[in-house]
Amino acid sequence: MNTVKFRLTGVIELRELKELGLLPPEERLKKGPVAILECPEQIPCNICVPYCGLKAIKMDKITDIPRVDWDKCTGCGLCVAVCPGLAAFVVDLSRNDYDYVTLPHEFLPVPRLGETVTLLNRRGECVGEGVVVRLWEKNKTRVVTVRVPKGLGLEVRAIWVEKKQ
Amino acid sequence: MFDFEGVPVEAYEGESVAVALYALGVDVFSWSHKLKRPRGPFCMIGKCSNCFMSINGLPNVKSCRIPVKDGLKVERQRGWVAPEAIHLMDKHSEIVELNPDLLIIGGGPAGLEAALTASNYGLNVVLVDEHFKLGGQLLKQTHKFFGNVELFGGMRGFQIAEEYSRKISELRNVQVLTNTVVYGVFRGGVVGAINESKHYIIKPRAVIAATGAQERYLDFQNNDLPGVIGAGGAQTIMNEFGVKPGEKSIVIGSGNVGLIISYQLLQSGVEVKGVVEILSEIGGWFVHAAKIRRYGVPVFTRHALKYVEGNPRVQKAVVAAVDDKLNFVPGSEKEFDVDLVLLAVGLEPDARLHAQAGAVMKYIPELGGLVPIRTRDLETTVVNMYVAGDSSGIEEATTAILEGKIAALSIVSKLCDGSRAENASSTLEKTLRFLWDEYRSSPLLTRARRGKEQATVPREELEDFRKKFPSPISFG
Ligand code: SF4
Ligand code: SF4
């Protein structure tokens with residue numbers, strides 16, 4: 001296997017996601033919430049496939065890279081909750097004022113609805129602040145939707161919640 | 001409440017002595033033989049000697065395997081303490097003879113799945129484990145499993161252990177012996193096992209030894225200081241027992257174990273200063289690396305640990321860049337102020353029982369070391385002695401489960417007849433096909449698959465090995 005850049009750094013660039021066909025097309029992104037599975041290697045895993053009620057994720061063999069049918073996907077976020085690689089995200093870039101990112105969160109403290117949290121990109125750099133607008137849980141993974149500044153929907157991949165004294 | 005060197009100390013029920021002391025802030029568990037250097041726990045799963053203590057007057061007891069109890073007297077050893085005669089054996093008045101169809105040694109994913117499968121087909125099973133809980137290394141896995149939903153994918157490791165334990169406790173044809181050590185395999189197909197109160201002489205028709213693996217050590221200055229812990233050891237401390245293993249850490253090795261432990265350290269509130277990788281590429285899966293990178297943990301590729309310092313516990317780790325020949329680059333040192341250095345540099349199969357039984361072994365680097373030669377259905381050159389899970393070569397929990405199932409089905413198809421045997425054979429074929437043709441076809445598992453191919457021989461070749469290197473022991 002040729003070494004690809006994300007294997008050297010642990011960070012995947014948007015360009016690489018695009019080349020691998022893991023990024024929805026521009027028009028689809030503008031339409032509303034949609035899943036992005038940042039799962040670029042042929043690992044033996046297919047958990048997301050049976051969980052997607054709309055059968056929007058395709059995989060023939062357990063070692064295939066999961067492919068989302070962007071037209072079927074409604075951005076429900078179930079794959080975000082179940083993916084053991086914490087590699088599934090839902091982004092909504094359709095609004096004019098803000099972007100929305102739905103991501104997994106397995107740290108304490110649990111964020112509260114309406115709370116302002118720190119936004120982190122794929123390198124762990126702080127890129128701004130966002131507000132928690134939706135929160136639910138499945139088998140101890142919390143699924144958080146954050147409202148982020150316009151333009152950061154494809155950047156923000158984690159949140160950090162300050163511990164209250 | 002137990003007694004630690006004359007002081008009564010509190011502990012939680014279900015904790016091991018080692019974890020209870022660790023939680024109390026005890027760094028030094030003993031002092032070495034000659035130089036009296038401090039020693040702290042390392043593997044936490046009963047595979048090393050770092051946590052040896054004197055318990056109720058008995059020296060050299062693995063304190064990680066002893067559950068806390070009222071009235072226990074625990075002391076640290078200053079140097080080597082000779083045991084008083086052959087201590088355990090002659091204390092046991094009660095000798096119990098068991099004649100199960102199948103003896104399974106090791107209650108991890110492979111052993112548990114084997115027990116469940118064999119019991120479903122009506123075999124009488126004895127399942128032995130050293131620990132006081134079943135589950136093996138599943139107990140400390142708090143992350144969700146990959147793989148497929150039928151194989152527990154999506155569940156967390158400890159939940160899988162709970163599910164197996166619950167199911168097995170309901171089975172009338174499986175006898176579980178926890179806190180029991182198998183000490184040897186003998187002529188006539190006899191296996192000896194011992195625990196605090198009983199001595200078992202077991203004569204099974206078949207054996208599956210699924211004894212797991214141990215963590216590798218690494219060479220560097222002061223590598224024996226307390227606070228230098230196996231990654232798995234730290235997982236046991238924090239995930240199985242909920243004790244924070246330290247405050248500031250550095251992780252050596254970027255395979256999946258190193259990446260996953262880094263994430264779990266962050267979850268327990270331990271700072272992770274970085275993951276150190278000697279190669280130029282991250283060892284583990286991208287998704288695991290991405291998980292820690294997005295919380296700001298750096299991965300230092302082409303770096304290695306040079307030395308650590310501290311008294312009595314680690315206080316500083318020095319890491320430096322390496323060149324193409326893996327020599328340290330002068331002047332590239334980075335200092336980290338840490339109280340925890342986690343070694344995640346790989347595992348080594350623990351197949352000592354097979355070796356002792358006289359099985360033909362082979363050194364296979366891809367599998368982490370010495371493993372028994374076996375057929376596709378996992379029988380070794382010792383007749384009716386099988387191997388499964390990490391002791392057959394390092395892979396992971398899902399493959400361990402599949403191997404446990406394969407070994408059990410093969411035994412069922414031999415020991416049973418009629419429709420049960422037929423059914424077992426066809427399920428066996430299906431499971432083999434899934435394991436080899438689907439699961440192991442991932443390019444990320446190439447190394448392990450190649451290793452397993454090298455360890456696997458056709459039946460005829462196994463028979464040749466048996467003729468050339470006959471084992472004095474056989475079962476059945
Ligand atoms: S977001 Fe919902 S619909 Fe879209 S792929 Fe994930 S599970 Fe399926
Ligand atoms: S569940 Fe996650 S890790 Fe598994 S295939 Fe789907 S996206 Fe990849």
# chains A, B, ... in the order shown; residues from 1 in each chain; ligands from 1

call {"tool": "closest_atom_pairs", "arguments": {"of": "chain A", "to": "ligand 1", "cutoff": "10 Å", "atoms": "only C-alpha atoms and all ligand atoms", "output": "CSV"}}
result
residue,atom,partner,partner_atom_place_in_ligand_line,distance
A:Pro33,CA,ligand 1,1 (S),7.9
A:Val34,CA,ligand 1,4 (Fe),5.9
A:Ala35,CA,ligand 1,1 (S),4.7
A:Ile36,CA,ligand 1,5 (S),7.8
A:Leu37,CA,ligand 1,5 (S),8.3
A:Cys48,CA,ligand 1,7 (S),7.0
A:Val49,CA,ligand 1,8 (Fe),8.0
A:Pro50,CA,ligand 1,7 (S),9.0
A:Tyr51,CA,ligand 1,7 (S),6.3
A:Cys52,CA,ligand 1,7 (S),3.8
A:Gly53,CA,ligand 1,8 (Fe),6.3
A:Leu54,CA,ligand 1,3 (S),5.5
A:Lys55,CA,ligand 1,8 (Fe),6.4
A:Ala56,CA,ligand 1,8 (Fe),5.1
A:Ile57,CA,ligand 1,5 (S),5.6
A:Lys58,CA,ligand 1,5 (S),9.4
A:Pro66,CA,ligand 1,5 (S),9.7
A:Arg67,CA,ligand 1,5 (S),8.8
A:Val68,CA,ligand 1,5 (S),5.9
A:Asp69,CA,ligand 1,5 (S),7.6
A:Trp70,CA,ligand 1,4 (Fe),7.6
A:Asp71,CA,ligand 1,4 (Fe),9.2
A:Lys72,CA,ligand 1,3 (S),6.7
A:Cys73,CA,ligand 1,4 (Fe),3.8
A:Thr74,CA,ligand 1,3 (S),4.7
A:Gly75,CA,ligand 1,1 (S),3.6
A:Cys76,CA,ligand 1,2 (Fe),3.8
A:Gly77,CA,ligand 1,1 (S),4.0
A:Leu78,CA,ligand 1,7 (S),4.3
A:Cys79,CA,ligand 1,6 (Fe),4.2
A:Val80,CA,ligand 1,6 (Fe),6.6
A:Ala81,CA,ligand 1,7 (S),8.7
A:Val82,CA,ligand 1,7 (S),8.9
A:Cys83,CA,ligand 1,6 (Fe),9.6
A:Ala88,CA,ligand 1,6 (Fe),7.6
A:Phe89,CA,ligand 1,1 (S),7.8
A:Val90,CA,ligand 1,1 (S),6.2
A:Val91,CA,ligand 1,1 (S),9.3
A:Thr102,CA,ligand 1,1 (S),9.4

call {"tool": "interface_residues", "arguments": {"of": "chain B", "to": "chain A", "cutoff": "8 Å", "atoms": "only C-alpha atoms", "output": "ChimeraX atom specification"}}
result
/B:143-149,153-155,267,280-282,285-291,293-297,299,301,438-444

call {"tool": "write_last_selection", "arguments": {"atoms": "N, CA, C and O atoms", "output": "CSV table (one decimal), in the first residue's frame"}}
result
chain,number,residue,atom,x,y,z
B,143,HIS,N,-14.2,1.1,24.5
B,143,HIS,CA,-14.5,1.6,23.2
B,143,HIS,C,-15.5,0.6,22.5
B,143,HIS,O,-15.6,-0.5,22.8
B,144,LYS,N,-16.2,1.2,21.5
B,144,LYS,CA,-17.1,0.3,20.8
B,144,LYS,C,-16.3,-0.5,19.8
B,144,LYS,O,-15.4,-0.1,19.2
B,145,PHE,N,-16.8,-1.8,19.6
B,145,PHE,CA,-16.1,-2.7,18.7
B,145,PHE,C,-16.5,-2.4,17.2
B,145,PHE,O,-17.6,-2.0,16.9
B,146,PHE,N,-15.5,-2.7,16.4
B,146,PHE,CA,-15.7,-2.7,15.0
B,146,PHE,C,-16.3,-4.0,14.6
B,146,PHE,O,-16.8,-4.8,15.4
B,147,GLY,N,-16.2,-4.4,13.3
B,147,GLY,CA,-16.6,-5.7,12.9
B,147,GLY,C,-18.1,-5.6,12.6
B,147,GLY,O,-18.6,-4.5,12.2
B,148,ASN,N,-18.8,-6.7,12.7
B,148,ASN,CA,-20.1,-6.7,12.2
B,148,ASN,C,-21.1,-6.9,13.4
B,148,ASN,O,-20.8,-7.4,14.4
B,149,VAL,N,-22.3,-6.5,13.1
B,149,VAL,CA,-23.3,-6.4,14.2
B,149,VAL,C,-23.5,-7.8,14.9
B,149,VAL,O,-23.6,-7.9,16.1
B,153,GLY,N,-20.3,-6.1,17.0
B,153,GLY,CA,-19.8,-4.8,16.5
B,153,GLY,C,-20.7,-3.7,17.1
B,153,GLY,O,-22.0,-3.9,17.2
B,154,GLY,N,-20.2,-2.6,17.5
B,154,GLY,CA,-20.9,-1.5,18.0
B,154,GLY,C,-21.1,-1.6,19.5
B,154,GLY,O,-21.4,-0.6,20.2
B,155,MET,N,-20.9,-2.8,20.1
B,155,MET,CA,-21.0,-2.9,21.6
B,155,MET,C,-19.6,-2.6,22.2
B,155,MET,O,-18.6,-2.7,21.5
B,267,GLN,N,-10.2,10.6,28.1
B,267,GLN,CA,-11.5,10.5,28.7
B,267,GLN,C,-11.4,10.4,30.3
B,267,GLN,O,-12.3,10.9,30.9
B,280,SER,N,7.9,6.1,10.3
B,280,SER,CA,7.5,7.5,9.8
B,280,SER,C,6.0,7.5,9.6
B,280,SER,O,5.5,8.6,9.2
B,281,GLU,N,5.3,6.4,9.8
B,281,GLU,CA,3.9,6.4,9.6
B,281,GLU,C,3.2,5.9,10.9
B,281,GLU,O,3.8,5.1,11.6
B,282,ILE,N,2.0,6.4,11.1
B,282,ILE,CA,1.2,6.0,12.3
B,282,ILE,C,0.9,4.5,12.1
B,282,ILE,O,0.5,4.0,11.0
B,285,TRP,N,-5.0,2.3,12.9
B,285,TRP,CA,-6.0,2.7,11.9
B,285,TRP,C,-6.2,4.2,11.9
B,285,TRP,O,-6.1,4.8,13.0
B,286,PHE,N,-6.4,4.8,10.8
B,286,PHE,CA,-6.6,6.3,10.7
B,286,PHE,C,-7.7,6.7,11.6
B,286,PHE,O,-7.5,7.7,12.3
B,287,VAL,N,-8.8,6.0,11.7
B,287,VAL,CA,-10.0,6.5,12.5
B,287,VAL,C,-9.5,6.7,14.0
B,287,VAL,O,-10.0,7.6,14.7
B,288,HIS,N,-8.7,5.8,14.5
B,288,HIS,CA,-8.2,5.9,15.9
B,288,HIS,C,-7.3,7.1,16.0
B,288,HIS,O,-7.3,7.7,17.1
B,289,ALA,N,-6.5,7.3,15.0
B,289,ALA,CA,-5.5,8.4,15.1
B,289,ALA,C,-6.3,9.8,15.1
B,289,ALA,O,-6.0,10.7,15.9
B,290,ALA,N,-7.3,9.8,14.2
B,290,ALA,CA,-8.1,11.0,14.0
B,290,ALA,C,-8.8,11.4,15.3
B,290,ALA,O,-8.9,12.6,15.7
B,291,LYS,N,-9.2,10.4,16.1
B,291,LYS,CA,-9.9,10.6,17.3
B,291,LYS,C,-9.1,11.3,18.3
B,291,LYS,O,-9.6,12.1,19.1
B,293,ARG,N,-6.2,13.1,17.5
B,293,ARG,CA,-5.6,14.3,16.9
B,293,ARG,C,-6.6,15.5,17.1
B,293,ARG,O,-6.2,16.6,17.3
B,294,ARG,N,-7.9,15.2,16.9
B,294,ARG,CA,-8.9,16.3,17.0
B,294,ARG,C,-9.0,16.9,18.4
B,294,ARG,O,-9.6,17.9,18.7
B,295,TYR,N,-8.4,16.2,19.4
B,295,TYR,CA,-8.4,16.7,20.8
B,295,TYR,C,-7.0,17.3,21.1
B,295,TYR,O,-6.6,17.5,22.2
B,296,GLY,N,-6.2,17.4,20.0
B,296,GLY,CA,-4.9,18.1,20.1
B,296,GLY,C,-3.7,17.3,20.6
B,296,GLY,O,-2.7,17.8,20.9
B,297,VAL,N,-3.9,15.9,20.6
B,297,VAL,CA,-2.7,15.1,20.9
B,297,VAL,C,-1.8,15.0,19.7
B,297,VAL,O,-2.2,14.5,18.7
B,299,VAL,N,1.2,13.4,17.4
B,299,VAL,CA,1.9,12.1,17.2
B,299,VAL,C,3.3,12.4,16.7
B,299,VAL,O,3.5,13.1,15.7
B,301,THR,N,6.1,11.1,14.9
B,301,THR,CA,6.6,10.0,14.1
B,301,THR,C,8.1,10.1,14.0
B,301,THR,O,8.6,11.2,14.2
B,438,GLU,N,-13.4,-13.2,4.2
B,438,GLU,CA,-14.0,-11.9,4.3
B,438,GLU,C,-13.2,-11.0,5.3
B,438,GLU,O,-12.6,-10.1,5.0
B,439,TYR,N,-13.3,-11.4,6.6
B,439,TYR,CA,-12.8,-10.6,7.6
B,439,TYR,C,-11.3,-10.3,7.4
B,439,TYR,O,-10.9,-9.1,7.4
B,440,ARG,N,-10.5,-11.3,7.2
B,440,ARG,CA,-9.1,-11.1,7.1
B,440,ARG,C,-8.7,-10.6,5.7
B,440,ARG,O,-7.5,-10.4,5.5
B,441,SER,N,-9.6,-10.3,4.9
B,441,SER,CA,-9.2,-9.8,3.6
B,441,SER,C,-8.9,-8.3,3.6
B,441,SER,O,-8.5,-7.7,2.6
B,442,SER,N,-9.2,-7.6,4.7
B,442,SER,CA,-8.9,-6.2,4.8
B,442,SER,C,-7.4,-6.0,4.6
B,442,SER,O,-6.6,-6.7,5.2
B,443,PRO,N,-7.0,-5.0,3.8
B,443,PRO,CA,-5.6,-4.8,3.6
B,443,PRO,C,-4.9,-4.3,4.9
B,443,PRO,O,-3.7,-4.4,5.0
B,444,LEU,N,-5.7,-3.8,5.8
B,444,LEU,CA,-5.1,-3.4,7.1
B,444,LEU,C,-4.8,-4.5,8.0
B,444,LEU,O,-4.2,-4.4,9.0

call {"tool": "residues_around", "arguments": {"residues": "range 181-192 of chain B", "least_positions_apart": "4", "cutoff": "7 Å", "atoms": "only C-alpha atoms", "output": "ChimeraX atom specification"}}
result
/B:129-130,200-203,353,357,472-475

call {"tool": "atom_distance", "arguments": {"atom1": "CA of Gly32 in chain A", "atom2": "CA of Pro149 in chain A"}}
result
16.1 Å

call {"tool": "residues_around", "arguments": {"residues": "Arg142 in chain A", "least_positions_apart": "4", "cutoff": "9 Å", "atoms": "only C-alpha atoms", "output": "list of chain:residue names"}}
result
A:Ala81, A:Leu103, A:Pro104, A:His105, A:Glu106, A:Phe107, A:Val110, A:Leu135, A:Trp136, A:Glu137, A:Lys138

call {"tool": "select_by_dssp", "arguments": {"residues": "range 167-338 of chain B", "states": "strand (DSSP E or B)", "output": "number ranges by chain"}}
result
B: 174-177, 181-186, 190-194, 199-202, 206-209, 213-215, 221, 228-230, 248-252, 271-277, 299-301, 303-309, 316-322, 328, 334-337

call {"tool": "select_by_dssp", "arguments": {"residues": "chain A", "states": "alpha helix (DSSP H)", "output": "short mmCIF file (atom, residue, chain, number, x, y, z; two decimals) with all heavy atoms, in the first residue's frame"}}
result
data_model
loop_
_atom_site.label_atom_id
_atom_site.label_comp_id
_atom_site.auth_asym_id
_atom_site.auth_seq_id
_atom_site.Cartn_x
_atom_site.Cartn_y
_atom_site.Cartn_z
N LYS A 5 -1.09 10.61 2.87
CA LYS A 5 -0.71 11.62 3.82
C LYS A 5 -1.42 11.46 5.17
O LYS A 5 -0.82 11.62 6.21
CB LYS A 5 -0.99 13.01 3.23
CG LYS A 5 -0.34 14.08 4.03
CD LYS A 5 -0.02 15.33 3.28
CE LYS A 5 0.10 16.49 4.25
NZ LYS A 5 -1.18 17.12 4.54
N PHE A 6 -2.72 11.10 5.13
CA PHE A 6 -3.42 11.04 6.41
C PHE A 6 -2.85 9.96 7.33
O PHE A 6 -3.03 9.99 8.52
CB PHE A 6 -4.94 10.89 6.22
CG PHE A 6 -5.37 9.67 5.44
CD1 PHE A 6 -5.37 8.42 6.04
CD2 PHE A 6 -5.82 9.78 4.13
CE1 PHE A 6 -5.79 7.30 5.35
CE2 PHE A 6 -6.23 8.66 3.42
CZ PHE A 6 -6.21 7.42 4.03
N ARG A 7 -2.12 9.00 6.75
CA ARG A 7 -1.50 7.97 7.59
C ARG A 7 -0.24 8.49 8.30
O ARG A 7 0.26 7.89 9.23
CB ARG A 7 -1.15 6.72 6.78
CG ARG A 7 -2.36 5.90 6.41
CD ARG A 7 -2.06 4.42 6.33
NE ARG A 7 -1.41 3.92 7.54
CZ ARG A 7 -2.04 3.57 8.66
NH1 ARG A 7 -3.34 3.68 8.75
NH2 ARG A 7 -1.37 3.12 9.69
N LEU A 8 0.29 9.58 7.80
CA LEU A 8 1.46 10.16 8.45
C LEU A 8 1.06 11.10 9.57
O LEU A 8 1.76 11.25 10.56
CB LEU A 8 2.30 10.95 7.43
CG LEU A 8 2.79 10.18 6.21
CD1 LEU A 8 3.52 11.12 5.27
CD2 LEU A 8 3.70 9.04 6.64
N THR A 9 -0.08 11.73 9.42
CA THR A 9 -0.45 12.80 10.34
C THR A 9 -1.63 12.48 11.24
O THR A 9 -1.80 13.09 12.28
CB THR A 9 -0.84 14.05 9.54
OG1 THR A 9 -1.94 13.68 8.69
CG2 THR A 9 0.30 14.55 8.69
N LEU A 14 -9.53 18.16 3.50
CA LEU A 14 -10.75 18.18 2.67
C LEU A 14 -10.46 17.68 1.27
O LEU A 14 -11.22 16.93 0.67
CB LEU A 14 -11.31 19.59 2.59
CG LEU A 14 -12.11 20.04 3.81
CD1 LEU A 14 -12.64 21.45 3.60
CD2 LEU A 14 -13.24 19.07 4.11
N ARG A 15 -9.28 18.07 0.75
CA ARG A 15 -8.89 17.66 -0.58
C ARG A 15 -8.83 16.13 -0.68
O ARG A 15 -9.30 15.53 -1.64
CB ARG A 15 -7.52 18.28 -0.90
CG ARG A 15 -6.99 18.02 -2.29
CD ARG A 15 -5.57 18.61 -2.44
NE ARG A 15 -4.72 18.34 -1.28
CZ ARG A 15 -4.14 17.16 -1.02
NH1 ARG A 15 -4.30 16.16 -1.84
NH2 ARG A 15 -3.39 17.01 0.06
N GLU A 16 -8.25 15.50 0.36
CA GLU A 16 -8.15 14.04 0.35
C GLU A 16 -9.54 13.39 0.43
O GLU A 16 -9.82 12.41 -0.26
CB GLU A 16 -7.29 13.55 1.52
CG GLU A 16 -5.81 13.91 1.39
CD GLU A 16 -5.02 13.51 2.62
OE1 GLU A 16 -5.14 14.21 3.67
OE2 GLU A 16 -4.29 12.52 2.56
N LEU A 17 -10.40 13.97 1.25
CA LEU A 17 -11.77 13.43 1.36
C LEU A 17 -12.46 13.49 0.02
O LEU A 17 -13.16 12.58 -0.40
CB LEU A 17 -12.57 14.23 2.39
CG LEU A 17 -12.31 13.92 3.87
CD1 LEU A 17 -13.04 14.93 4.74
CD2 LEU A 17 -12.73 12.50 4.22
N LYS A 18 -12.23 14.61 -0.68
CA LYS A 18 -12.86 14.83 -1.97
C LYS A 18 -12.35 13.82 -2.99
O LYS A 18 -13.12 13.15 -3.67
CB LYS A 18 -12.56 16.25 -2.45
CG LYS A 18 -13.55 16.79 -3.46
CD LYS A 18 -13.20 18.22 -3.77
CE LYS A 18 -14.45 19.05 -3.98
NZ LYS A 18 -14.13 20.49 -3.86
N GLU A 19 -11.02 13.67 -3.02
CA GLU A 19 -10.42 12.72 -3.96
C GLU A 19 -10.92 11.30 -3.73
O GLU A 19 -11.06 10.51 -4.66
CB GLU A 19 -8.89 12.74 -3.82
CG GLU A 19 -8.27 13.91 -4.55
CD GLU A 19 -6.80 14.10 -4.14
OE1 GLU A 19 -6.22 13.18 -3.52
OE2 GLU A 19 -6.27 15.18 -4.44
N GLU A 26 -21.16 19.75 -3.86
CA GLU A 26 -21.54 21.11 -3.47
C GLU A 26 -23.07 21.31 -3.37
O GLU A 26 -23.59 21.76 -2.36
CB GLU A 26 -20.96 22.04 -4.55
CG GLU A 26 -20.66 23.44 -4.16
CD GLU A 26 -19.47 23.60 -3.20
OE1 GLU A 26 -18.62 22.68 -3.04
OE2 GLU A 26 -19.44 24.65 -2.60
N GLU A 27 -23.79 20.91 -4.47
CA GLU A 27 -25.24 21.16 -4.52
C GLU A 27 -25.95 20.44 -3.39
O GLU A 27 -26.88 20.95 -2.77
CB GLU A 27 -25.88 20.66 -5.85
CG GLU A 27 -25.14 21.00 -7.12
CD GLU A 27 -23.96 20.10 -7.37
OE1 GLU A 27 -24.20 18.93 -7.74
OE2 GLU A 27 -22.81 20.54 -7.20
N ARG A 28 -25.49 19.19 -3.11
CA ARG A 28 -26.13 18.43 -2.04
C ARG A 28 -25.87 19.08 -0.68
O ARG A 28 -26.77 19.17 0.16
CB ARG A 28 -25.60 16.98 -2.07
CG ARG A 28 -26.12 16.11 -0.93
CD ARG A 28 -27.63 15.94 -1.00
NE ARG A 28 -28.18 15.24 0.15
CZ ARG A 28 -28.53 15.81 1.29
NH1 ARG A 28 -28.40 17.13 1.45
NH2 ARG A 28 -29.02 15.10 2.28
N LEU A 29 -24.65 19.56 -0.49
CA LEU A 29 -24.32 20.22 0.78
C LEU A 29 -25.22 21.42 1.03
O LEU A 29 -25.62 21.69 2.15
CB LEU A 29 -22.85 20.66 0.78
CG LEU A 29 -21.81 19.54 1.00
CD1 LEU A 29 -20.41 20.05 0.70
CD2 LEU A 29 -21.88 19.00 2.42
N LYS A 30 -25.57 22.12 -0.06
CA LYS A 30 -26.40 23.32 0.08
C LYS A 30 -27.84 23.00 0.42
O LYS A 30 -28.59 23.84 0.89
CB LYS A 30 -26.36 24.12 -1.23
CG LYS A 30 -25.12 24.99 -1.32
CD LYS A 30 -25.23 25.96 -2.48
CE LYS A 30 -23.85 26.41 -2.93
NZ LYS A 30 -23.69 26.35 -4.38
N LYS A 31 -28.24 21.73 0.15
CA LYS A 31 -29.65 21.36 0.33
C LYS A 31 -30.07 21.11 1.76
O LYS A 31 -31.24 21.23 2.10
CB LYS A 31 -29.94 20.10 -0.48
CG LYS A 31 -30.47 20.41 -1.87
CD LYS A 31 -31.10 19.17 -2.45
CE LYS A 31 -30.91 19.11 -3.94
NZ LYS A 31 -30.79 17.73 -4.41
N CYS A 48 -22.14 0.85 10.48
CA CYS A 48 -23.05 1.92 10.06
C CYS A 48 -24.09 1.41 9.06
O CYS A 48 -25.20 1.94 9.02
CB CYS A 48 -22.25 3.07 9.45
SG CYS A 48 -21.06 2.54 8.20
N VAL A 49 -23.76 0.37 8.31
CA VAL A 49 -24.65 -0.07 7.23
C VAL A 49 -26.03 -0.51 7.75
O VAL A 49 -27.05 0.06 7.36
CB VAL A 49 -23.98 -1.16 6.36
CG1 VAL A 49 -24.94 -1.68 5.31
CG2 VAL A 49 -22.71 -0.62 5.73
N PRO A 50 -26.10 -1.50 8.65
CA PRO A 50 -27.42 -1.94 9.10
C PRO A 50 -28.16 -0.89 9.92
O PRO A 50 -29.39 -0.91 10.01
CB PRO A 50 -27.13 -3.18 9.94
CG PRO A 50 -25.71 -3.05 10.37
CD PRO A 50 -25.03 -2.32 9.24
N TYR A 51 -27.43 0.02 10.56
CA TYR A 51 -28.10 1.01 11.41
C TYR A 51 -28.81 2.09 10.62
O TYR A 51 -29.74 2.71 11.11
CB TYR A 51 -27.12 1.64 12.40
CG TYR A 51 -26.97 0.84 13.66
CD1 TYR A 51 -25.86 0.04 13.90
CD2 TYR A 51 -27.99 0.86 14.63
CE1 TYR A 51 -25.74 -0.71 15.06
CE2 TYR A 51 -27.89 0.12 15.79
CZ TYR A 51 -26.76 -0.66 16.00
OH TYR A 51 -26.66 -1.39 17.15
N LEU A 78 -27.94 8.90 12.96
CA LEU A 78 -27.81 7.62 13.63
C LEU A 78 -26.41 7.03 13.44
O LEU A 78 -25.82 6.46 14.35
CB LEU A 78 -28.88 6.65 13.11
CG LEU A 78 -29.20 5.50 14.05
CD1 LEU A 78 -29.57 6.02 15.43
CD2 LEU A 78 -30.34 4.66 13.50
N CYS A 79 -25.87 7.20 12.23
CA CYS A 79 -24.51 6.68 11.99
C CYS A 79 -23.49 7.36 12.89
O CYS A 79 -22.51 6.75 13.30
CB CYS A 79 -24.14 6.81 10.52
SG CYS A 79 -24.35 8.45 9.84
N VAL A 80 -23.72 8.62 13.23
CA VAL A 80 -22.81 9.34 14.12
C VAL A 80 -22.78 8.65 15.48
O VAL A 80 -21.73 8.48 16.10
CB VAL A 80 -23.25 10.81 14.30
CG1 VAL A 80 -22.33 11.56 15.25
CG2 VAL A 80 -23.34 11.51 12.95
N ALA A 81 -23.95 8.19 15.90
CA ALA A 81 -24.06 7.57 17.22
C ALA A 81 -23.42 6.20 17.28
O ALA A 81 -22.87 5.83 18.30
CB ALA A 81 -25.53 7.48 17.62
N VAL A 82 -23.50 5.44 16.21
CA VAL A 82 -23.06 4.04 16.30
C VAL A 82 -21.64 3.80 15.80
O VAL A 82 -21.04 2.78 16.15
CB VAL A 82 -24.02 3.08 15.55
CG1 VAL A 82 -25.41 3.16 16.18
CG2 VAL A 82 -24.05 3.36 14.06
#

call {"tool": "residues_around", "arguments": {"residues": "range 146-148 of chain A", "least_positions_apart": "3", "cutoff": "6 Å", "atoms": "only C-alpha atoms", "output": "NGL selection string"}}
result
:A and (98-101 or 130-133)

call {"tool": "write_last_selection", "arguments": {"atoms": "C-alpha atoms", "output": "compact mmCIF listing (two decimals), in the first residue's frame"}}
result
# COMPACT_ATOMS: atom_id res chain seq x y z
CA TYR A 98 -24.73 29.49 10.49
CA ASP A 99 -23.46 26.02 9.71
CA TYR A 100 -24.45 23.04 11.85
CA VAL A 101 -22.28 20.05 12.71
CA GLY A 130 -20.41 27.30 18.99
CA VAL A 131 -23.74 26.65 20.68
CA VAL A 132 -25.22 23.24 21.44
CA VAL A 133 -28.63 23.05 19.77

call {"tool": "residues_around", "arguments": {"residues": "Val126 in chain B", "least_positions_apart": "2", "cutoff": "10 Å", "atoms": "only C-alpha atoms", "output": "list in words"}}
result
Leu98, Asn99, Pro100, Asp101, Leu102, Leu103, Ile104, Ile105, Ala115, Leu123, Asn124, Val128, Asn173, Val174, Gln175, Val176, Leu177, Ile202, Pro204 and Val207 of chain B

call {"tool": "closest_residue", "arguments": {"among": "B:Asp390, B:Glu162, B:Glu240, B:Glu94", "to": "Gly14 in chain B", "atoms": "only C-alpha atoms"}}
result
B:Glu240

call {"tool": "residues_around", "arguments": {"residues": "Ser254 in chain B", "least_positions_apart": "6", "cutoff": "8 Å", "atoms": "only C-alpha atoms", "output": "list in words"}}
result
Val275, Val276, Glu277, Ile282, Gly283, Gly284, Val299 and Ala344 of chain B
